[in-house]
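Trainee: Structure file final.txt (compact mmCIF, C-alpha atoms) right here:
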```
# COMPACT_ATOMS: atom_id res chain seq x y z
CA MET T 1 47.73 -11.14 16.89
CA ARG T 2 45.50 -8.75 18.80
CA ILE T 3 45.11 -6.35 15.86
CA LYS T 4 44.11 -9.27 13.62
CA ALA T 5 41.52 -10.42 16.16
CA LEU T 6 40.20 -6.86 16.54
CA ARG T 7 39.89 -6.55 12.76
CA ALA T 8 37.97 -9.84 12.57
CA ALA T 9 35.70 -9.01 15.52
CA PHE T 10 34.81 -5.39 14.71
CA PRO T 11 32.57 -6.00 11.64
CA ARG T 12 30.66 -8.69 13.54
CA THR T 13 29.85 -6.21 16.32
CA LEU T 14 28.36 -3.54 14.01
CA PRO T 15 24.72 -4.54 14.55
CA VAL T 16 25.29 -4.50 18.31
CA MET T 17 26.96 -1.09 17.96
CA THR T 18 23.79 0.34 16.38
CA GLY T 19 21.56 -1.26 18.97
CA TYR T 20 23.70 -0.54 22.06
CA LEU T 21 24.45 3.08 21.13
CA PHE T 22 20.77 3.89 20.81
CA LEU T 23 19.54 1.73 23.69
CA GLY T 24 22.39 3.19 25.78
CA ILE T 25 21.34 6.71 24.86
CA ALA T 26 17.75 5.88 25.86
CA PHE T 27 19.01 4.59 29.22
CA GLY T 28 21.19 7.69 29.74
CA VAL T 29 18.27 10.03 29.03
CA LEU T 30 16.10 8.12 31.50
CA LEU T 31 18.81 8.17 34.19
CA ARG T 32 19.29 11.92 33.78
CA GLU T 33 15.53 12.49 34.13
CA ALA T 34 15.74 10.52 37.41
CA GLY T 35 18.32 13.02 38.66
CA PHE T 36 21.61 11.14 38.09
CA GLY T 37 24.48 12.62 36.06
CA PRO T 38 26.92 11.13 33.48
CA LEU T 39 29.30 9.80 36.16
CA TRP T 40 26.49 7.58 37.45
CA ALA T 41 25.76 6.37 33.91
CA LEU T 42 29.45 5.52 33.50
CA LEU T 43 29.57 3.72 36.85
CA MET T 44 26.44 1.65 36.13
CA SER T 45 27.39 0.70 32.57
CA VAL T 46 30.94 -0.28 33.60
CA LEU T 47 29.98 -2.23 36.74
CA ILE T 48 26.48 -3.67 36.05
CA TYR T 49 26.54 -3.88 32.23
CA ALA T 50 23.12 -5.45 31.69
CA GLY T 51 20.78 -3.56 29.35
CA SER T 52 17.29 -4.42 30.51
CA MET T 53 18.34 -4.56 34.21
CA GLN T 54 19.78 -1.04 34.07
CA PHE T 55 16.42 0.29 32.91
CA VAL T 56 14.82 -1.47 35.90
CA ALA T 57 17.60 -0.10 38.14
CA VAL T 58 16.63 3.51 37.32
CA GLY T 59 13.25 2.78 38.91
CA LEU T 60 14.91 1.14 41.95
CA LEU T 61 17.25 4.13 42.44
CA THR T 62 14.33 6.55 42.64
CA GLY T 63 12.51 4.38 45.23
CA PRO T 64 13.28 3.66 48.90
CA PHE T 65 16.71 2.20 49.90
CA ALA T 66 16.37 -1.61 49.66
CA PRO T 67 19.68 -3.15 48.47
CA LEU T 68 18.71 -6.80 49.06
CA THR T 69 15.47 -6.41 47.10
CA ALA T 70 17.50 -4.76 44.33
CA ALA T 71 19.90 -7.73 44.29
CA LEU T 72 16.99 -10.20 44.19
CA VAL T 73 15.32 -8.33 41.32
CA ALA T 74 18.64 -8.25 39.45
CA PHE T 75 19.13 -11.99 39.93
CA THR T 76 15.59 -12.75 38.66
CA VAL T 77 15.73 -10.39 35.68
CA ASN T 78 19.14 -11.76 34.65
CA ALA T 79 18.54 -15.44 35.50
CA ARG T 80 18.57 -16.27 31.77
CA HIS T 81 22.34 -15.62 31.87
CA LEU T 82 22.69 -18.91 33.79
CA PHE T 83 21.83 -20.63 30.49
CA TYR T 84 24.42 -18.60 28.59
CA GLY T 85 27.12 -19.65 31.04
CA LEU T 86 26.10 -23.31 30.75
CA SER T 87 26.51 -23.25 26.98
CA MET T 88 29.88 -21.43 27.15
CA LEU T 89 31.51 -23.79 29.72
CA GLY T 90 33.47 -25.61 27.04
CA ARG T 91 34.34 -22.62 24.87
CA PHE T 92 35.56 -20.41 27.75
CA SER T 93 37.58 -23.21 29.41
CA GLY T 94 40.50 -22.53 27.06
CA ARG T 95 40.49 -18.75 27.42
CA GLY T 96 42.97 -18.39 30.31
CA ALA T 97 43.41 -14.87 31.70
CA LEU T 98 40.65 -13.50 29.44
CA LYS T 99 38.03 -15.85 30.92
CA PRO T 100 36.87 -13.68 33.90
CA TYR T 101 36.12 -10.72 31.64
CA LEU T 102 34.34 -12.94 29.05
CA ILE T 103 32.10 -14.23 31.87
CA PHE T 104 31.47 -10.72 33.23
CA GLY T 105 30.52 -9.40 29.78
CA LEU T 106 28.17 -12.24 28.77
CA THR T 107 25.13 -10.12 27.81
CA ASP T 108 22.27 -11.26 25.52
CA GLU T 109 23.86 -9.59 22.51
CA THR T 110 27.44 -10.72 23.14
CA TYR T 111 26.14 -14.23 23.75
CA SER T 112 24.38 -14.22 20.38
CA LEU T 113 27.52 -12.95 18.62
CA LEU T 114 29.48 -15.78 20.27
CA CYS T 115 26.78 -18.26 19.17
CA ALA T 116 27.12 -16.99 15.61
CA GLY T 117 30.54 -18.64 15.42
CA GLU T 118 34.15 -18.85 16.57
CA ALA T 119 37.04 -16.76 15.25
CA PRO T 120 37.72 -17.13 11.51
CA GLU T 121 40.62 -19.32 10.34
CA GLY T 122 44.02 -17.96 11.44
CA VAL T 123 42.62 -15.58 14.07
CA ASP T 124 43.29 -16.10 17.81
CA LYS T 125 40.09 -17.52 19.34
CA GLY T 126 40.57 -15.97 22.79
CA TRP T 127 41.29 -12.44 21.61
CA TYR T 128 38.46 -12.66 19.06
CA ASP T 129 35.97 -13.48 21.86
CA PHE T 130 37.56 -10.76 24.02
CA PHE T 131 37.15 -8.04 21.38
CA LEU T 132 33.54 -9.06 20.66
CA THR T 133 32.84 -8.62 24.38
CA ALA T 134 34.91 -5.46 24.96
CA LEU T 135 33.68 -3.61 21.86
CA ASP T 136 30.07 -4.35 22.85
CA GLN T 137 30.65 -2.95 26.34
CA LEU T 138 32.41 0.09 24.86
CA TYR T 139 29.32 0.85 22.71
CA TRP T 140 27.03 0.44 25.71
CA VAL T 141 29.14 2.68 27.97
CA ALA T 142 29.54 5.33 25.24
CA GLY T 143 25.81 5.33 24.46
CA SER T 144 24.67 5.60 28.07
CA VAL T 145 27.12 8.41 28.95
CA ALA T 146 26.24 10.30 25.74
CA GLY T 147 22.51 9.95 26.49
CA CYS T 148 23.04 11.24 30.00
CA VAL T 149 25.03 14.25 28.73
CA MET T 150 22.64 15.16 25.91
CA GLY T 151 19.45 14.54 27.85
CA ALA T 152 16.24 14.73 25.88
CA ALA T 153 17.71 17.16 23.30
CA LEU T 154 18.44 14.50 20.66
CA PRO T 155 18.87 15.81 17.11
CA VAL T 156 17.00 13.09 15.13
CA ASP T 157 13.80 11.10 15.61
CA SER T 158 15.20 7.72 16.58
CA THR T 159 11.83 6.03 17.20
CA GLY T 160 12.10 2.39 16.20
CA ILE T 161 15.93 2.21 16.18
CA ASP T 162 15.72 -0.41 18.94
CA PHE T 163 14.47 -2.83 16.25
CA ALA T 164 18.20 -3.37 15.49
CA MET T 165 18.26 -5.73 18.50
CA THR T 166 15.25 -7.70 17.24
CA ALA T 167 16.82 -7.92 13.78
CA LEU T 168 20.09 -9.15 15.32
CA PHE T 169 18.35 -11.94 17.23
CA LEU T 170 16.33 -12.91 14.12
CA VAL T 171 19.52 -13.15 12.04
CA ILE T 172 21.26 -15.33 14.64
CA PHE T 173 18.09 -17.45 14.81
CA VAL T 174 18.15 -17.95 11.02
CA GLU T 175 21.88 -18.86 11.06
CA GLN T 176 21.40 -21.38 13.87
CA TRP T 177 18.36 -22.79 12.10
CA GLU T 178 20.40 -23.38 8.92
CA SER T 179 23.32 -25.07 10.70
CA ALA T 180 21.33 -27.08 13.29
CA ARG T 181 21.08 -30.87 13.00
CA SER T 182 17.67 -30.71 14.65
CA HIS T 183 15.18 -27.84 14.67
CA LEU T 184 13.52 -29.15 17.85
CA PRO T 185 15.45 -26.88 20.30
CA ALA T 186 14.65 -23.77 18.24
CA LEU T 187 10.98 -24.73 17.89
CA LEU T 188 10.82 -25.52 21.60
CA GLY T 189 12.34 -22.13 22.48
CA VAL T 190 9.90 -20.17 20.34
CA GLY T 191 6.86 -22.32 21.16
CA ALA T 192 7.35 -22.53 24.93
CA SER T 193 8.13 -18.80 25.17
CA ALA T 194 5.08 -17.81 23.10
CA VAL T 195 2.82 -19.96 25.28
CA CYS T 196 4.38 -18.46 28.44
CA VAL T 197 3.84 -14.90 27.15
CA ALA T 198 0.18 -15.75 26.50
CA VAL T 199 -0.32 -17.40 29.91
CA PHE T 200 1.89 -15.33 32.26
CA GLY T 201 1.99 -11.99 30.41
CA ALA T 202 4.82 -10.16 28.66
CA ASP T 203 6.51 -8.77 31.78
CA GLY T 204 7.26 -11.88 33.81
CA PHE T 205 7.30 -14.75 31.31
CA ILE T 206 11.09 -15.35 31.23
CA PRO T 207 11.47 -17.59 34.35
CA PHE T 208 8.49 -19.72 33.23
CA ALA T 209 9.83 -19.97 29.68
CA MET T 210 13.24 -21.02 31.06
CA ALA T 211 11.63 -23.74 33.19
CA ALA T 212 9.60 -24.97 30.21
CA ILE T 213 12.68 -25.01 27.95
CA PHE T 214 14.66 -26.90 30.60
CA ALA T 215 11.84 -29.46 31.02
CA GLY T 216 11.43 -29.80 27.25
CA LEU T 217 15.14 -30.32 26.57
CA THR T 218 15.29 -32.86 29.41
CA ALA T 219 12.37 -34.76 27.86
CA LEU T 220 14.06 -34.65 24.43
CA HIS T 221 17.42 -35.89 25.81
CA GLY T 222 17.02 -39.40 24.40
CA ARG T 223 16.27 -38.07 20.96
CA LEU T 224 18.73 -35.17 20.75
CA ALA T 225 21.74 -36.43 22.75
CA PRO T 226 22.97 -38.82 19.98
CA LEU T 227 23.07 -35.88 17.55
CA THR T 228 25.14 -33.68 19.89
CA GLN T 229 27.57 -36.53 20.63
CA ALA T 230 28.07 -37.24 16.93
CA ASN T 231 28.70 -33.53 16.52
CA SER T 232 31.41 -33.29 19.19
CA GLU T 233 33.17 -36.39 17.84
CA GLU T 234 33.35 -34.77 14.42
CA VAL T 235 34.86 -31.66 15.96
CA GLN T 236 37.50 -33.71 17.75
CA ALA T 237 38.35 -35.72 14.65
CA MET D 1 18.09 7.90 48.62
CA THR D 2 21.50 9.40 49.49
CA GLN D 3 24.48 9.08 47.11
CA THR D 4 26.04 6.40 49.34
CA GLN D 5 22.78 4.43 49.33
CA ALA D 6 22.57 4.73 45.53
CA LEU D 7 26.15 3.46 45.27
CA ILE D 8 25.39 0.47 47.54
CA THR D 9 22.27 -0.32 45.48
CA ILE D 10 24.28 -0.24 42.24
CA LEU D 11 26.99 -2.49 43.73
CA CYS D 12 24.33 -5.00 44.89
CA ILE D 13 22.75 -5.06 41.41
CA ALA D 14 26.20 -5.48 39.83
CA ALA D 15 27.06 -8.38 42.17
CA ALA D 16 23.74 -10.19 41.56
CA THR D 17 24.12 -9.75 37.79
CA LEU D 18 27.67 -11.10 37.87
CA LEU D 19 26.44 -14.06 39.94
CA THR D 20 23.98 -15.09 37.17
CA ARG D 21 26.84 -15.03 34.67
CA ALA D 22 29.53 -16.71 36.80
CA LEU D 23 27.54 -19.34 38.72
CA PRO D 24 27.69 -22.09 36.03
CA PHE D 25 31.49 -21.68 35.81
CA TRP D 26 31.88 -22.03 39.61
CA VAL D 27 29.54 -25.01 39.92
CA PHE D 28 31.01 -26.96 36.98
CA ARG D 29 34.77 -26.62 37.41
CA GLY D 30 36.75 -28.98 35.23
CA GLU D 31 34.83 -31.54 33.19
CA ALA D 32 31.07 -30.95 33.31
CA PRO D 33 28.70 -33.96 33.54
CA ALA D 34 27.40 -35.39 30.23
CA PHE D 35 23.90 -33.99 30.77
CA VAL D 36 25.27 -30.47 31.30
CA ARG D 37 27.35 -30.78 28.11
CA TYR D 38 24.17 -31.91 26.33
CA LEU D 39 22.36 -28.81 27.64
CA GLY D 40 25.25 -26.62 26.51
CA ALA D 41 24.90 -28.01 22.98
CA VAL D 42 21.11 -27.68 22.64
CA LEU D 43 20.40 -24.56 24.76
CA PRO D 44 21.63 -21.86 22.32
CA GLY D 45 19.01 -22.77 19.72
CA ALA D 46 16.21 -22.69 22.28
CA VAL D 47 17.42 -19.55 24.09
CA ILE D 48 17.80 -17.49 20.89
CA GLY D 49 14.22 -18.58 20.09
CA MET D 50 13.19 -17.26 23.51
CA LEU D 51 14.99 -13.94 22.89
CA VAL D 52 13.18 -13.53 19.56
CA VAL D 53 9.87 -13.95 21.38
CA TYR D 54 11.14 -11.53 24.07
CA CYS D 55 11.68 -8.87 21.38
CA PHE D 56 8.13 -9.31 20.07
CA LYS D 57 6.45 -9.55 23.48
CA GLY D 58 5.24 -5.94 23.43
CA VAL D 59 3.27 -6.17 20.15
CA THR D 60 -0.50 -5.65 20.14
CA PRO D 61 -1.98 -7.92 17.44
CA LEU D 62 -5.57 -7.05 18.44
CA ALA D 63 -5.17 -3.25 18.36
CA TRP D 64 -3.98 -0.86 15.62
CA PRO D 65 -1.48 -1.24 13.93
CA HIS D 66 -2.02 -4.98 14.58
CA ALA D 67 1.72 -5.71 14.97
CA LEU D 68 2.11 -5.02 11.25
CA PRO D 69 5.37 -2.98 11.52
CA GLU D 70 7.02 -5.74 13.61
CA LEU D 71 5.64 -8.50 11.36
CA LEU D 72 6.65 -6.85 8.06
CA ALA D 73 10.13 -5.78 9.23
CA GLY D 74 10.70 -9.18 10.89
CA LEU D 75 9.67 -10.99 7.72
CA TYR D 76 12.03 -8.77 5.70
CA VAL D 77 14.95 -9.65 8.01
CA VAL D 78 14.35 -13.41 7.84
CA LEU D 79 13.76 -13.58 4.08
CA VAL D 80 16.58 -11.23 3.08
CA HIS D 81 19.02 -12.97 5.43
CA ARG D 82 18.14 -16.42 4.08
CA TRP D 83 18.61 -15.04 0.58
CA LYS D 84 21.81 -12.92 0.88
CA HIS D 85 23.37 -13.71 4.29
CA ASN D 86 24.54 -10.09 4.48
CA LEU D 87 24.42 -8.56 7.98
CA ALA D 88 24.24 -4.92 6.85
CA LEU D 89 21.43 -5.69 4.41
CA SER D 90 19.43 -7.79 6.91
CA ILE D 91 19.89 -5.74 10.09
CA GLY D 92 20.48 -2.26 8.65
CA GLY D 93 17.73 -2.66 6.07
CA GLY D 94 15.30 -4.22 8.55
CA THR D 95 15.84 -1.45 11.10
CA ALA D 96 15.45 1.28 8.47
CA LEU D 97 12.26 -0.39 7.21
CA TYR D 98 10.87 -0.62 10.75
CA MET D 99 11.65 3.05 11.47
CA LEU D 100 9.95 4.05 8.22
CA LEU D 101 6.91 1.94 9.12
CA VAL D 102 6.44 3.31 12.67
CA GLN D 103 7.38 6.92 11.90
CA VAL D 104 5.67 7.41 8.51
CA VAL D 105 3.46 4.57 7.26
CA PHE D 106 1.68 3.63 10.51
CA ALA D 107 2.23 6.96 12.31
```
Starting from the coordinates I provided, produce the structure as structure tokens.

Mentor:
Amino acid sequence: MRIKALRAAFPRTLPVMTGYLFLGIAFGVLLREAGFGPLWALLMSVLIYAGSMQFVAVGLLTGPFAPLTAALVAFTVNARHLFYGLSMLGRFSGRGALKPYLIFGLTDETYSLLCAGEAPEGVDKGWYDFFLTALDQLYWVAGSVAGCVMGAALPVDSTGIDFAMTALFLVIFVEQWESARSHLPALLGVGASAVCVAVFGADGFIPFAMAAIFAGLTALHGRLAPLTQANSEEVQA
Amino acid sequence: MTQTQALITILCIAAATLLTRALPFWVFRGEAPAFVRYLGAVLPGAVIGMLVVYCFKGVTPLAWPHALPELLAGLYVVLVHRWKHNLALSIGGGTALYMLLVQVVFA
């Protein structure tokens, strides 16, 4: 059962493997330059496991000791994960003992792989979700430790490899677009975020975009709710 | 910062990150209210849209190379994926194209 789920999950994680290995290496190189060795990279990628936040954390670790500020920054930078949890409430409710790890490992990329679909026919849903999550973390841990060991002496010019992440999100966006009953949520997400980048700048737009998306979806409730209800009834039937 | 202080900082960051992921599951134990279930159904579409914008937030349309590498590679990914629905072709090809564009064409 587990081998079957692993076999089904592995090919789906390949784009994340490319992205995480190289982003992880970039993080490891940065951490080493800040004076922290591979054991620190391992510790951070196992315990924190949040890509963009770990880059921010390198800066925090080289500054003065301020653990509460660090926690506050981490909460703000990762606040978008609140949304991921909200949309996985139903799916994770049937995951039993695997649920805590699925929640812990709910990164941007794992979330988008989960959004791309459930386990194929005949594959255990829980173990499929587990292997998506665990393989992704394995790539991230391996990349960050490797980067920290190798330092800046990388053999190939990997400039631009991080586009794998952008491509992954674009592909998930296209798949959701094709299967969605209404394009309004997708248009709202892109539109509100673009406006927030223009108004609040690229570095701090996420909390504003989240607020705008929340307000927009609340305003569209009357129009979109009938579609989602019809959808869940079909699933039950 | 001493090693102990670094360790405490990392643990605080880890705890705050876990909180953002676990909070919805603690607040909505059992059956979530209808509005929350509605949000759960419509949020993924909007949030993936936000993440796409997040990936493109660093582009400089007004300065050379006018966001052309991002635009061309992004267009390739969308069009090829709509056409073939093949992950390796869309993501692998798009990344290779982007690397070629930033390292050679627009270097």

Trainee: Residues within 12 Å of Leu47 in chain T, please, as a short mmCIF file (atom, residue, chain, number, x, y, z; two decimals) with C-alpha atoms, in the frame of the given file. Count only C-alpha atoms; anything in the same chain fewer than 5 positions from it doesn't count.

Mentor:
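Final output, around.cif:
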```cif
data_model
loop_
_atom_site.label_atom_id
_atom_site.label_comp_id
_atom_site.auth_asym_id
_atom_site.auth_seq_id
_atom_site.Cartn_x
_atom_site.Cartn_y
_atom_site.Cartn_z
CA TRP T 40 26.49 7.58 37.45
CA ALA T 41 25.76 6.37 33.91
CA LEU T 42 29.45 5.52 33.50
CA GLN T 54 19.78 -1.04 34.07
CA TYR T 101 36.12 -10.72 31.64
CA PHE T 104 31.47 -10.72 33.23
CA GLY T 105 30.52 -9.40 29.78
CA GLN T 137 30.65 -2.95 26.34
CA TRP T 140 27.03 0.44 25.71
CA VAL T 141 29.14 2.68 27.97
CA LEU D 7 26.15 3.46 45.27
CA THR D 9 22.27 -0.32 45.48
CA ILE D 10 24.28 -0.24 42.24
CA LEU D 11 26.99 -2.49 43.73
CA CYS D 12 24.33 -5.00 44.89
CA ILE D 13 22.75 -5.06 41.41
CA ALA D 14 26.20 -5.48 39.83
CA ALA D 15 27.06 -8.38 42.17
CA ALA D 16 23.74 -10.19 41.56
CA THR D 17 24.12 -9.75 37.79
CA LEU D 18 27.67 -11.10 37.87
#
```

Trainee: Compile the contact shell of range 73-86 of chain D as number ranges by chain: residues with an atom at most 7 Å away, counting all atoms listed in the file, same-chain residues fewer than 2 positions apart removed.

Mentor: T: 167, 170-171, 174; D: 69-71, 88-91, 94, 97-98

Trainee: Calculate how many Å separate CA of Gln5 in chain D from CA of Ala57 in chain T, rounding to one decimal.

Mentor: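 These atoms are spaced 13.1 Å apart.
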
Trainee: Give me, please, the distance in Å between CA of Ala5 in chain T and CA of Tyr128 in chain T, quoted to one decimal.

Mentor: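 Here the two named atoms are 4.8 Å from each other.
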
Trainee: Quote the spacing between CA of Gly49 in chain D and CA of Leu188 in chain T in Å to one decimal place.

Mentor: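 Separating CA of Gly49 in chain D from CA of Leu188 in chain T is a distance of 7.9 Å.
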
Trainee: So that I can check the surroundings of Ala209 in chain T, please list as a PDB file with C-alpha atoms, in the frame of the given file every protein, DNA and RNA residue that reaches within 9 Å of it, counting only C-alpha atoms and ignoring chain neighbours fewer than 6 positions away.

Mentor:
```
ATOM      1  CA  GLY T 189      12.340 -22.130  22.480  1.00  0.00           C
ATOM      2  CA  ALA T 192       7.350 -22.530  24.930  1.00  0.00           C
ATOM      3  CA  SER T 193       8.130 -18.800  25.170  1.00  0.00           C
ATOM      4  CA  ALA T 194       5.080 -17.810  23.100  1.00  0.00           C
ATOM      5  CA  VAL T 195       2.820 -19.960  25.280  1.00  0.00           C
ATOM      6  CA  CYS T 196       4.380 -18.460  28.440  1.00  0.00           C
ATOM      7  CA  VAL T 197       3.840 -14.900  27.150  1.00  0.00           C
TER       8      VAL T 197
ATOM      9  CA  MET D  50      13.190 -17.260  23.510  1.00  0.00           C
TER      10      MET D  50
END
```

Trainee: Quick one: everything within 8 Å of Leu39 in chain D, counting all atoms listed in the file, minus sequence neighbours fewer than 5 positions away in the same chain. Send it as a PDB file with C-alpha atoms, in the coordinates of the input.

Mentor:
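Output contents, as saved in out13.pdb:
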```
ATOM      1  CA  LEU T  86      26.100 -23.310  30.750  1.00  0.00           C
ATOM      2  CA  SER T  87      26.510 -23.250  26.980  1.00  0.00           C
ATOM      3  CA  LEU T 217      15.140 -30.320  26.570  1.00  0.00           C
TER       4      LEU T 217
END
```

Trainee: So which one's closest to Phe208 in chain T, T:Ala79, T:Val73, T:Asp108, T:Ala9? Using all atoms listed in the file, please.

Mentor: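 Counting all atoms listed in the file, the residue closest to Phe208 in chain T is T:Ala79.
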
Trainee: Choose the residue, out of T:Ala34, T:Ile25, T:Val123, T:Leu98, that has the smallest atom-to-atom separation from Arg7 in chain T; count only C-alpha atoms.

Mentor: T:Val123

Trainee: Write out as JSON, numbers by chain the residues lying within 12 Å of Gly216 in chain T, counting only C-alpha atoms and excluding same-chain residues fewer than 4 positions away.

Mentor: {"T": [184, 185, 186, 187, 188, 189, 190, 191, 192, 193, 209, 210, 211, 212, 220, 221, 222, 223, 224], "D": [39, 42, 43, 46]}

Trainee: Please tell me which residues are no farther than 10 Å from (27.6, -24.6, 37.9) in the file, counting all atoms listed in the file, and write them as a PyMOL selection string.

Mentor: (chain T and resi 82+85-86+89) or (chain D and resi 22-29+32+36)

Trainee: For chain D, which of T:Leu6, T:Ala26, T:Met150, T:Ala66 is the closest residue, counting only C-alpha atoms?

Mentor: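 Closest to chain D, using only C-alpha atoms: T:Ala66.
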
Trainee: Between T:Leu135, T:Leu23, T:Ala97, T:Ala116, which has the minimum distance to chain D (counting all atoms listed in the file)?

Mentor: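 Under the stated criterion, the closest residue is T:Ala116.
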
Trainee: Which residue gives the smallest distance to chain D among T:Glu121, T:Phe131, T:Met44, T:Gly51, with only C-alpha atoms counted?

Mentor: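 Result for the nearest residue to chain D: T:Met44.
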
Trainee: Report as lines of an AutoDock Vina configuration file the centre and the edge lengths, in Å to one decimal, of the axis-aligned box holding every listed atom of range 77-82 of chain D, padded by 4 Å on each side.

Mentor:
```
center_x = 16.4
center_y = -13.0
center_z = 5.5
size_x = 13.3
size_y = 14.8
size_z = 12.9
```

Trainee: Would you mind telling me which residue in T:Leu114, T:Ala202, T:Gly35, T:Thr228 lies nearest to Thr60 in chain D when using all atoms listed in the file?

Mentor: T:Ala202
